[in-house]
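**Student:** Following this line is run_1.txt, made up of compact mmCIF, C-alpha atoms and all ligand atoms:
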```
# COMPACT_ATOMS: atom_id res chain seq x y z
CA MET X 1 -18.87 112.26 -82.41
CA GLY X 2 -20.95 114.69 -84.35
CA GLN X 3 -19.37 117.98 -83.65
CA ILE X 4 -21.28 121.13 -84.46
CA VAL X 5 -18.57 123.71 -83.85
CA PRO X 6 -15.87 124.06 -86.58
CA ASP X 7 -12.72 121.89 -86.29
CA ALA X 8 -10.27 124.69 -85.58
CA ILE X 9 -12.35 125.98 -82.67
CA GLU X 10 -12.81 122.45 -81.29
CA ARG X 11 -9.03 121.91 -81.43
CA TYR X 12 -8.46 125.23 -79.72
CA LEU X 13 -10.92 124.38 -76.92
CA ALA X 14 -9.39 120.92 -76.50
CA GLY X 15 -5.95 122.56 -76.23
CA LEU X 16 -7.14 124.82 -73.40
CA ASN X 17 -8.41 121.95 -71.29
CA ARG X 18 -6.03 121.38 -68.38
CA LEU X 19 -8.35 119.21 -66.30
CA ALA X 20 -7.85 115.78 -67.88
CA ASP X 21 -5.78 113.24 -65.99
CA PRO X 22 -3.83 110.22 -67.30
CA VAL X 23 -6.58 107.72 -66.38
CA LEU X 24 -9.19 109.76 -68.25
CA GLN X 25 -6.88 110.12 -71.23
CA ASP X 26 -6.22 106.38 -71.33
CA ILE X 27 -9.95 105.55 -71.17
CA ALA X 28 -10.68 108.08 -73.93
CA ARG X 29 -7.97 106.54 -76.15
CA THR X 30 -9.29 103.02 -75.63
CA GLY X 31 -12.85 104.23 -76.14
CA GLU X 32 -11.93 105.80 -79.45
CA GLN X 33 -10.24 102.58 -80.62
CA GLN X 34 -13.33 100.61 -79.70
CA ASP X 35 -15.71 103.20 -81.15
CA LEU X 36 -17.51 103.66 -77.83
CA PRO X 37 -19.98 106.57 -77.56
CA LEU X 38 -18.09 108.47 -74.86
CA ILE X 39 -18.40 112.18 -74.15
CA ASP X 40 -15.38 114.33 -74.95
CA ALA X 41 -13.10 116.01 -72.46
CA GLU X 42 -14.72 119.41 -73.15
CA VAL X 43 -18.12 118.03 -72.11
CA GLY X 44 -16.45 116.31 -69.15
CA ALA X 45 -15.01 119.64 -68.05
CA LEU X 46 -18.46 121.24 -68.33
CA LEU X 47 -19.97 118.45 -66.19
CA ARG X 48 -17.30 118.84 -63.54
CA VAL X 49 -17.66 122.63 -63.44
CA LEU X 50 -21.45 122.41 -63.08
CA ALA X 51 -21.32 119.69 -60.42
CA THR X 52 -18.75 121.72 -58.48
CA ALA X 53 -20.69 124.98 -58.89
CA ILE X 54 -23.83 123.56 -57.30
CA GLY X 55 -21.91 121.66 -54.63
CA ALA X 56 -23.37 118.35 -55.79
CA THR X 57 -23.17 115.50 -53.32
CA ARG X 58 -25.65 113.11 -54.98
CA ILE X 59 -25.33 112.54 -58.72
CA LEU X 60 -27.28 110.14 -60.96
CA GLU X 61 -26.09 109.10 -64.41
CA ILE X 62 -28.13 107.18 -66.99
CA GLY X 63 -25.73 105.34 -69.31
CA THR X 64 -22.41 104.56 -67.63
CA ALA X 65 -20.67 103.05 -70.68
CA VAL X 66 -17.12 102.46 -69.37
CA GLY X 67 -17.25 105.17 -66.72
CA TYR X 68 -15.54 108.00 -68.59
CA SER X 69 -18.19 110.69 -67.95
CA GLY X 70 -18.73 109.20 -64.49
CA ILE X 71 -15.10 109.89 -63.57
CA TRP X 72 -15.54 113.54 -64.56
CA LEU X 73 -18.71 113.73 -62.47
CA ALA X 74 -17.48 111.78 -59.44
CA GLY X 75 -14.30 113.87 -59.45
CA ALA X 76 -16.45 116.80 -58.34
CA LEU X 77 -17.90 114.93 -55.35
CA PRO X 78 -16.70 115.54 -51.82
CA PRO X 79 -15.72 112.50 -49.72
CA GLY X 80 -19.01 110.92 -48.68
CA GLY X 81 -20.70 112.06 -51.91
CA MET X 82 -22.21 109.52 -54.25
CA LEU X 83 -22.54 108.87 -57.98
CA LEU X 84 -25.18 106.31 -58.86
CA THR X 85 -24.75 105.26 -62.48
CA LEU X 86 -26.98 102.92 -64.50
CA GLU X 87 -25.72 100.67 -67.29
CA ILE X 88 -27.62 98.00 -69.21
CA ASP X 89 -24.54 96.12 -70.46
CA GLN X 90 -22.91 93.84 -67.88
CA GLU X 91 -19.48 93.82 -69.54
CA ARG X 92 -19.35 97.60 -69.88
CA ALA X 93 -20.37 97.94 -66.23
CA ARG X 94 -17.51 95.61 -65.25
CA VAL X 95 -15.01 97.73 -67.19
CA ALA X 96 -16.53 100.88 -65.68
CA ARG X 97 -16.03 99.56 -62.13
CA GLU X 98 -12.38 98.86 -62.97
CA ASN X 99 -12.00 102.36 -64.34
CA PHE X 100 -13.59 103.99 -61.27
CA ALA X 101 -11.15 102.03 -59.12
CA ARG X 102 -8.20 103.12 -61.30
CA ALA X 103 -9.32 106.72 -60.89
CA GLY X 104 -9.42 106.28 -57.10
CA LEU X 105 -13.19 106.93 -57.00
CA ALA X 106 -14.57 103.45 -56.23
CA ASP X 107 -15.59 104.58 -52.73
CA ARG X 108 -18.12 107.08 -54.07
CA VAL X 109 -19.48 105.34 -57.19
CA ASN X 110 -22.20 102.71 -57.42
CA VAL X 111 -22.62 101.09 -60.85
CA ILE X 112 -26.03 99.42 -61.21
CA VAL X 113 -26.61 96.98 -64.06
CA GLY X 114 -30.07 96.83 -65.55
CA ASP X 115 -32.81 98.40 -67.60
CA ALA X 116 -32.89 102.14 -66.83
CA GLN X 117 -36.66 102.42 -66.74
CA ARG X 118 -37.01 99.55 -64.24
CA MET X 119 -34.06 100.66 -62.11
CA LEU X 120 -35.27 104.26 -61.93
CA ALA X 121 -38.55 103.10 -60.42
CA LYS X 122 -36.52 101.72 -57.48
CA VAL X 123 -34.03 104.56 -57.08
CA SER X 124 -34.88 107.18 -54.49
CA GLY X 125 -33.95 110.83 -54.82
CA PRO X 126 -33.40 113.61 -54.49
CA PHE X 127 -30.32 114.13 -56.67
CA ASP X 128 -28.42 117.38 -57.11
CA LEU X 129 -27.44 116.57 -60.67
CA ILE X 130 -28.61 114.02 -63.24
CA PHE X 131 -26.65 113.28 -66.41
CA GLN X 132 -28.79 111.71 -69.14
CA ASP X 133 -26.77 109.89 -71.82
CA THR X 134 -28.62 106.64 -72.47
CA ASP X 135 -30.47 105.23 -75.52
CA LYS X 136 -31.90 108.30 -77.23
CA ARG X 137 -35.36 106.74 -77.56
CA LEU X 138 -35.55 106.56 -73.76
CA TYR X 139 -34.96 110.28 -73.29
CA VAL X 140 -38.68 111.22 -73.48
CA PRO X 141 -40.06 108.19 -71.58
CA LEU X 142 -37.62 108.80 -68.69
CA LEU X 143 -37.96 112.58 -68.53
CA ASP X 144 -40.70 112.99 -65.93
CA ARG X 145 -39.14 110.39 -63.63
CA LEU X 146 -35.81 112.20 -63.78
CA VAL X 147 -37.42 115.57 -63.04
CA ALA X 148 -39.15 113.96 -60.05
CA LEU X 149 -35.81 112.62 -58.78
CA LEU X 150 -34.13 116.03 -59.00
CA ARG X 151 -34.12 118.49 -56.10
CA PRO X 152 -35.35 122.02 -56.81
CA GLY X 153 -32.32 123.93 -58.08
CA GLY X 154 -30.79 120.66 -59.29
CA LEU X 155 -29.51 120.18 -62.83
CA LEU X 156 -30.64 117.80 -65.56
CA ILE X 157 -27.82 117.68 -68.11
CA THR X 158 -28.38 115.80 -71.38
CA ASP X 159 -25.81 114.70 -73.97
CA ASN X 160 -26.27 114.51 -77.75
CA VAL X 161 -29.19 116.92 -77.99
CA LEU X 162 -27.97 118.20 -81.38
CA TRP X 163 -27.33 114.68 -82.75
CA SER X 164 -24.66 115.64 -85.31
CA GLY X 165 -26.82 118.65 -86.17
CA GLU X 166 -29.53 116.41 -87.62
CA VAL X 167 -32.19 117.72 -85.23
CA ALA X 168 -32.00 121.01 -87.13
CA PRO X 169 -33.94 120.94 -90.41
CA GLY X 170 -31.64 121.71 -93.34
CA PHE X 171 -28.35 121.11 -91.45
CA THR X 172 -27.45 118.19 -93.67
CA GLU X 173 -28.87 116.91 -96.95
CA LYS X 174 -27.79 113.36 -96.18
CA PRO X 175 -28.77 112.37 -92.65
CA ALA X 176 -26.60 109.53 -91.37
CA ARG X 177 -28.37 108.94 -88.04
CA ASP X 178 -31.34 106.65 -87.52
CA PRO X 179 -34.39 108.90 -88.15
CA ALA X 180 -36.25 107.38 -85.17
CA ASP X 181 -33.41 108.46 -82.85
CA THR X 182 -33.37 111.92 -84.41
CA ARG X 183 -37.14 112.27 -83.97
CA ALA X 184 -36.82 111.12 -80.35
CA ILE X 185 -34.24 113.81 -79.60
CA VAL X 186 -36.26 116.50 -81.40
CA GLU X 187 -39.26 115.64 -79.24
CA TYR X 188 -37.09 115.58 -76.10
CA ASN X 189 -35.66 119.03 -76.87
CA GLU X 190 -39.16 120.41 -77.28
CA ARG X 191 -40.26 118.84 -73.99
CA ILE X 192 -37.35 120.07 -71.87
CA ASN X 193 -37.66 123.57 -73.27
CA ALA X 194 -41.41 123.70 -72.61
CA HIS X 195 -41.40 121.78 -69.31
CA PRO X 196 -43.14 123.75 -66.54
CA GLU X 197 -40.63 122.56 -63.91
CA LEU X 198 -37.48 123.20 -65.96
CA MET X 199 -35.54 126.18 -67.23
CA THR X 200 -33.30 124.99 -70.07
CA ALA X 201 -30.29 126.28 -71.99
CA THR X 202 -28.66 124.31 -74.80
CA VAL X 203 -24.94 124.57 -75.43
CA PRO X 204 -23.70 123.62 -78.91
CA LEU X 205 -20.54 122.03 -77.50
CA ARG X 206 -19.45 118.82 -79.29
CA ASP X 207 -22.73 116.95 -79.98
CA GLY X 208 -24.89 119.42 -78.03
CA VAL X 209 -25.43 119.54 -74.28
CA ALA X 210 -28.72 120.68 -72.70
CA ILE X 211 -28.53 122.11 -69.21
CA ALA X 212 -31.84 122.38 -67.36
CA VAL X 213 -32.42 123.58 -63.81
CA LYS X 214 -35.42 122.30 -61.87
CA LEU X 215 -37.57 125.14 -60.64
CA GLY X 216 -38.99 124.94 -57.17
CA PRO X 217 -41.13 127.10 -54.95
CA SER X 218 -38.64 127.40 -52.14
CA GLU X 219 -35.49 128.24 -54.06
CA LEU X 220 -36.27 129.50 -57.49
CA ARG X 221 -39.72 131.02 -57.60
CA PRO X 222 -38.73 133.99 -55.37
CA MET X 223 -35.72 134.57 -57.61
CA LEU X 224 -37.93 134.43 -60.69
CA ASP X 225 -40.36 136.91 -59.09
CA THR X 226 -37.48 139.28 -58.38
CA LEU X 227 -36.30 138.91 -61.97
CA ALA X 228 -39.82 139.53 -63.26
CA ARG X 229 -40.10 142.70 -61.11
CA ALA X 230 -36.70 143.89 -62.33
CA THR X 231 -37.73 143.26 -65.92
CA ARG X 232 -40.98 145.18 -65.42
CA SER X 233 -39.25 148.18 -63.91
CA LEU X 234 -36.64 148.14 -66.69
CA ARG X 235 -39.42 148.08 -69.25
CA ASP X 236 -41.26 150.90 -67.48
CA ALA X 237 -38.16 153.04 -66.94
CA ASP X 238 -37.87 156.22 -68.90
CA PHE X 239 -34.48 156.23 -70.62
CA ASP X 240 -35.29 159.22 -72.75
CA ASP X 241 -32.54 161.83 -72.09
CA ASP X 242 -34.70 164.68 -73.30
CA ALA X 243 -37.37 163.86 -70.77
CA ARG X 244 -34.92 164.47 -67.90
CA HIS X 245 -34.11 168.00 -69.06
CA ASP X 246 -37.76 169.01 -69.05
C1 LIG P 301 -24.24 107.67 -79.57
C2 LIG P 301 -24.66 107.81 -78.26
C3 LIG P 301 -24.07 108.75 -77.45
O1 LIG P 301 -24.47 108.94 -76.18
C4 LIG P 301 -23.04 109.54 -77.92
O2 LIG P 301 -22.50 110.45 -77.07
C5 LIG P 301 -22.62 109.40 -79.22
C6 LIG P 301 -23.22 108.47 -80.04
C7 LIG P 301 -24.87 106.68 -80.45
O3 LIG P 301 -25.76 105.96 -79.97
O4 LIG P 301 -24.51 106.59 -81.62
MG MG P 302 -23.63 110.71 -75.33
```
Can you dump the structure from the file as structure tokens?
Ligand code: DHB
Ligand code: MG
**Tutor:**
Amino acid sequence: MGQIVPDAIERYLAGLNRLADPVLQDIARTGEQQDLPLIDAEVGALLRVLATAIGATRILEIGTAVGYSGIWLAGALPPGGMLLTLEIDQERARVARENFARAGLADRVNVIVGDAQRMLAKVSGPFDLIFQDTDKRLYVPLLDRLVALLRPGGLLITDNVLWSGEVAPGFTEKPARDPADTRAIVEYNERINAHPELMTATVPLRDGVAIAVKLGPSELRPMLDTLARATRSLRDADFDDDARHD
């Protein structure tokens, strides 16, 4: 849904994707017929690349739906790795479990049925990667709990942060989304970009994907100090050619 990038470019990107497998394609087809809010293969590929890049072994997902994004995520896990995925709808969770089994990933996926806020109070971290794709009005209320569950250097990835472009004032004259959802995402975007423990980049792929890394004293602060020193010396450097000939 809600793509931001022009059609021709989206089609081109979809055509480049060589990662999808027949099970994923079948779930995507069924999802489209049933109008389910699934991510697209391009976002799935991004999730799998990021999970692989950080060597994720423990992944948490909020909003399983029928397991489509979960298959992309769990596909990056090594044997013994784990995807914990939360879904409020019992029937969707049942279908998701079937789909994880079809994809050969049942051994590393745990689908938990229940209210995300209540379940997250019981879940123990740390996680290497968290994918947030639940009810948009829960994004802000769940944020601090998710940051707490993430290891330093771990990624919080959020779907739908551009919400068909409606988060951007002036993008459309006729908003079609529920204004309360749009406001919730606008507030969430402001929070993750200003959060003292997160460094965030937003990618305008499909409906908008925010990628935030959790900062931590042991792993990231030294790197940030190095970067800050490098920036200072760059700023102080004298690049004036004439000065060197003096
Ligand atoms: C909706 C939710 C999603 O997570 C998504 O990717 C697309 C649409 C929705 O609630 O409409
Ligand atoms: Mg989504």
**Student:** What does the distance from atom CA of Thr231 of chain X to atom CA of Leu50 of chain X come to in Å, to one decimal?
**Tutor:** 26.6 Å
**Student:** Determine, using all atoms listed in the file, which residues of chain X have any atom at most 9 Å from an atom of ligand LIG 301 (chain P), and tabulate each with its shortest atom pair and distance in Å to one decimal place, rows ordered by chain and then rising number, as a Markdown table.
**Tutor:**
```
| residue | atom | partner | partner_atom | distance |
| --- | --- | --- | --- | --- |
| X:Met1 | CA | P:LIG301 | C5 | 5.7 |
| X:Gly2 | CA | P:LIG301 | C5 | 7.6 |
| X:Leu36 | CA | P:LIG301 | C6 | 7.8 |
| X:Pro37 | CA | P:LIG301 | C5 | 4.2 |
| X:Leu38 | CA | P:LIG301 | O2 | 5.3 |
| X:Ile39 | CA | P:LIG301 | O2 | 5.3 |
| X:Asp40 | CA | P:LIG301 | O2 | 8.4 |
| X:Gly63 | CA | P:LIG301 | O1 | 7.9 |
| X:Ala65 | CA | P:LIG301 | O1 | 8.9 |
| X:Gln132 | CA | P:LIG301 | O1 | 8.7 |
| X:Asp133 | CA | P:LIG301 | O1 | 5.0 |
| X:Thr134 | CA | P:LIG301 | O1 | 6.0 |
| X:Asp135 | CA | P:LIG301 | O3 | 6.5 |
| X:Lys136 | CA | P:LIG301 | O3 | 7.1 |
| X:Asp159 | CA | P:LIG301 | O2 | 6.2 |
| X:Asn160 | CA | P:LIG301 | O2 | 5.6 |
| X:Trp163 | CA | P:LIG301 | C5 | 7.9 |
| X:Ser164 | CA | P:LIG301 | C5 | 9.0 |
| X:Arg177 | CA | P:LIG301 | O4 | 7.9 |
| X:Asp181 | CA | P:LIG301 | O3 | 8.5 |
| X:Asp207 | CA | P:LIG301 | O2 | 7.1 |
```
**Student:** For the selection you just gave me, I'd like the residues written to a file as a PDB file, in the frame of the given file, keeping C-alpha atoms.
**Tutor:**
```pdb
ATOM      1  CA  MET X   1     -18.870 112.260 -82.410  1.00  0.00           C
ATOM      2  CA  GLY X   2     -20.950 114.690 -84.350  1.00  0.00           C
ATOM      3  CA  LEU X  36     -17.510 103.660 -77.830  1.00  0.00           C
ATOM      4  CA  PRO X  37     -19.980 106.570 -77.560  1.00  0.00           C
ATOM      5  CA  LEU X  38     -18.090 108.470 -74.860  1.00  0.00           C
ATOM      6  CA  ILE X  39     -18.400 112.180 -74.150  1.00  0.00           C
ATOM      7  CA  ASP X  40     -15.380 114.330 -74.950  1.00  0.00           C
ATOM      8  CA  GLY X  63     -25.730 105.340 -69.310  1.00  0.00           C
ATOM      9  CA  ALA X  65     -20.670 103.050 -70.680  1.00  0.00           C
ATOM     10  CA  GLN X 132     -28.790 111.710 -69.140  1.00  0.00           C
ATOM     11  CA  ASP X 133     -26.770 109.890 -71.820  1.00  0.00           C
ATOM     12  CA  THR X 134     -28.620 106.640 -72.470  1.00  0.00           C
ATOM     13  CA  ASP X 135     -30.470 105.230 -75.520  1.00  0.00           C
ATOM     14  CA  LYS X 136     -31.900 108.300 -77.230  1.00  0.00           C
ATOM     15  CA  ASP X 159     -25.810 114.700 -73.970  1.00  0.00           C
ATOM     16  CA  ASN X 160     -26.270 114.510 -77.750  1.00  0.00           C
ATOM     17  CA  TRP X 163     -27.330 114.680 -82.750  1.00  0.00           C
ATOM     18  CA  SER X 164     -24.660 115.640 -85.310  1.00  0.00           C
ATOM     19  CA  ARG X 177     -28.370 108.940 -88.040  1.00  0.00           C
ATOM     20  CA  ASP X 181     -33.410 108.460 -82.850  1.00  0.00           C
ATOM     21  CA  ASP X 207     -22.730 116.950 -79.980  1.00  0.00           C
TER      22      ASP X 207
END
```
**Student:** Nearest to Ile54 of chain X among X:Asp144, X:Glu32, X:Asp128, X:Glu166, with distances taken over all atoms listed in the file: which residue is it?
**Tutor:**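 Under the stated criterion, the closest residue is X:Asp128.
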**Student:** Smallest atom-to-atom distance to ligand MG 302 (chain P): which of X:Ala180, X:Val43, X:Ile71, X:Leu215, using only C-alpha atoms and all ligand atoms?
**Tutor:** X:Val43
**Student:** Could you work out how far atom CA of Ala93 of chain X lies from atom CA of Val66 of chain X, giving the answer in Å with one decimal?
**Tutor:**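 Separation of atom CA of Val66 of chain X and atom CA of Ala93 of chain X: 6.4 Å.
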**Student:** Would you mind telling me which residue in X:Val209, X:Leu60, X:Ala228, X:Val167 lies nearest to ligand MG 302 (chain P) when using all atoms listed in the file?
**Tutor:**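 Smallest separation from ligand MG 302 (chain P) among the options: X:Val209.
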**Student:** What is the atom CA of Thr30 of chain X-atom CA of Val203 of chain X distance in Å, reported with one decimal?
**Tutor:**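 So the answer is 26.6 Å.
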**Student:** Go through X:Asp21, X:Asp35, X:Glu173, X:Glu61 and flag the residue nearest Arg102 of chain X, using all atoms listed in the file for the distances.
**Tutor:** X:Asp21
**Student:** Taking only C-alpha atoms and all ligand atoms into account, which of X:Leu129, X:Ala237, X:Leu83, X:Ile62 comes nearest ligand MG 302 (chain P)?
**Tutor:**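 Of X:Leu129, X:Ala237, X:Leu83, X:Ile62, the one nearest ligand MG 302 (chain P), counting only C-alpha atoms and all ligand atoms, is X:Ile62.
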**Student:** For a quick check of understanding, using all atoms listed in the file, which of X:Tyr12, X:Phe239, X:Phe131, X:Tyr188 has the smallest distance to ligand MG 302 (chain P)?
**Tutor:**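 Closest candidate: X:Phe131.
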**Student:** If we count only C-alpha atoms and set the cut-off at 12 Å, which residues sit around Gln25 of chain X, ignoring sequence neighbours fewer than 3 positions away in its own chain? Please answer as a ChimeraX atom specification.
**Tutor:** /X:17-22,28-32,38,40-41,44,68-69,71-72,99,103
**Student:** With the input short on atoms, add all heavy atoms back to segment 228-239 of chain X and write it as a compact mmCIF listing (two decimals), in the coordinates of the input.
**Tutor:**
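Written out: rebuild23.txt:
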```txt
# COMPACT_ATOMS: atom_id res chain seq x y z
N ALA X 228 -38.66 139.01 -62.53
CA ALA X 228 -39.82 139.53 -63.26
C ALA X 228 -40.07 140.99 -62.88
O ALA X 228 -40.35 141.83 -63.74
CB ALA X 228 -41.04 138.67 -62.95
N ARG X 229 -39.91 141.31 -61.55
CA ARG X 229 -40.10 142.70 -61.11
C ARG X 229 -39.04 143.60 -61.74
O ARG X 229 -39.34 144.69 -62.22
CB ARG X 229 -39.99 142.78 -59.58
CG ARG X 229 -41.34 142.68 -58.86
CD ARG X 229 -41.24 143.19 -57.43
NE ARG X 229 -40.18 142.55 -56.66
CZ ARG X 229 -40.30 141.33 -56.10
NH1 ARG X 229 -41.43 140.65 -56.22
NH2 ARG X 229 -39.30 140.79 -55.43
N ALA X 230 -37.79 143.10 -61.75
CA ALA X 230 -36.70 143.89 -62.33
C ALA X 230 -36.95 144.15 -63.81
O ALA X 230 -36.73 145.25 -64.32
CB ALA X 230 -35.37 143.17 -62.12
N THR X 231 -37.44 143.13 -64.49
CA THR X 231 -37.73 143.26 -65.92
C THR X 231 -38.83 144.29 -66.15
O THR X 231 -38.73 145.14 -67.03
CB THR X 231 -38.16 141.90 -66.52
OG1 THR X 231 -37.16 140.94 -66.20
CG2 THR X 231 -38.33 141.97 -68.03
N ARG X 232 -39.86 144.23 -65.27
CA ARG X 232 -40.98 145.18 -65.42
C ARG X 232 -40.51 146.61 -65.20
O ARG X 232 -40.83 147.50 -65.98
CB ARG X 232 -42.08 144.85 -64.41
CG ARG X 232 -43.21 144.01 -64.99
CD ARG X 232 -44.48 144.08 -64.13
NE ARG X 232 -44.24 143.81 -62.72
CZ ARG X 232 -44.16 142.58 -62.19
NH1 ARG X 232 -44.26 141.52 -62.99
NH2 ARG X 232 -43.95 142.40 -60.91
N SER X 233 -39.66 146.80 -64.17
CA SER X 233 -39.25 148.18 -63.91
C SER X 233 -38.30 148.67 -65.00
O SER X 233 -38.30 149.85 -65.34
CB SER X 233 -38.64 148.33 -62.52
OG SER X 233 -37.54 147.50 -62.38
N LEU X 234 -37.50 147.75 -65.56
CA LEU X 234 -36.64 148.14 -66.69
C LEU X 234 -37.49 148.59 -67.86
O LEU X 234 -37.22 149.59 -68.52
CB LEU X 234 -35.81 146.94 -67.13
CG LEU X 234 -34.30 146.93 -66.88
CD1 LEU X 234 -33.67 145.71 -67.50
CD2 LEU X 234 -33.65 148.20 -67.41
N ARG X 235 -38.55 147.79 -68.11
CA ARG X 235 -39.42 148.08 -69.25
C ARG X 235 -40.15 149.41 -69.05
O ARG X 235 -40.35 150.17 -69.97
CB ARG X 235 -40.43 146.93 -69.40
CG ARG X 235 -40.90 146.77 -70.83
CD ARG X 235 -41.90 145.63 -70.95
NE ARG X 235 -41.29 144.32 -70.97
CZ ARG X 235 -41.70 143.29 -70.23
NH1 ARG X 235 -42.69 143.41 -69.39
NH2 ARG X 235 -41.12 142.12 -70.34
N ASP X 236 -40.50 149.68 -67.76
CA ASP X 236 -41.26 150.90 -67.48
C ASP X 236 -40.36 152.14 -67.35
O ASP X 236 -40.84 153.26 -67.36
CB ASP X 236 -42.04 150.74 -66.16
CG ASP X 236 -43.11 149.66 -66.29
OD1 ASP X 236 -43.41 149.29 -67.44
OD2 ASP X 236 -43.59 149.18 -65.25
N ALA X 237 -39.04 151.91 -67.19
CA ALA X 237 -38.16 153.04 -66.94
C ALA X 237 -38.12 153.97 -68.15
O ALA X 237 -38.26 153.54 -69.29
CB ALA X 237 -36.75 152.53 -66.64
N ASP X 238 -37.93 155.24 -67.84
CA ASP X 238 -37.87 156.22 -68.90
C ASP X 238 -36.41 156.53 -69.18
O ASP X 238 -35.73 157.18 -68.40
CB ASP X 238 -38.63 157.48 -68.44
CG ASP X 238 -38.76 158.47 -69.58
OD1 ASP X 238 -38.17 158.21 -70.65
OD2 ASP X 238 -39.43 159.48 -69.39
N PHE X 239 -35.89 156.02 -70.28
CA PHE X 239 -34.48 156.23 -70.62
C PHE X 239 -34.30 157.39 -71.60
O PHE X 239 -33.24 157.58 -72.16
CB PHE X 239 -33.88 154.95 -71.22
CG PHE X 239 -33.76 153.84 -70.21
CD1 PHE X 239 -34.55 152.71 -70.30
CD2 PHE X 239 -32.85 153.95 -69.16
CE1 PHE X 239 -34.44 151.69 -69.37
CE2 PHE X 239 -32.75 152.92 -68.22
CZ PHE X 239 -33.53 151.80 -68.33
```
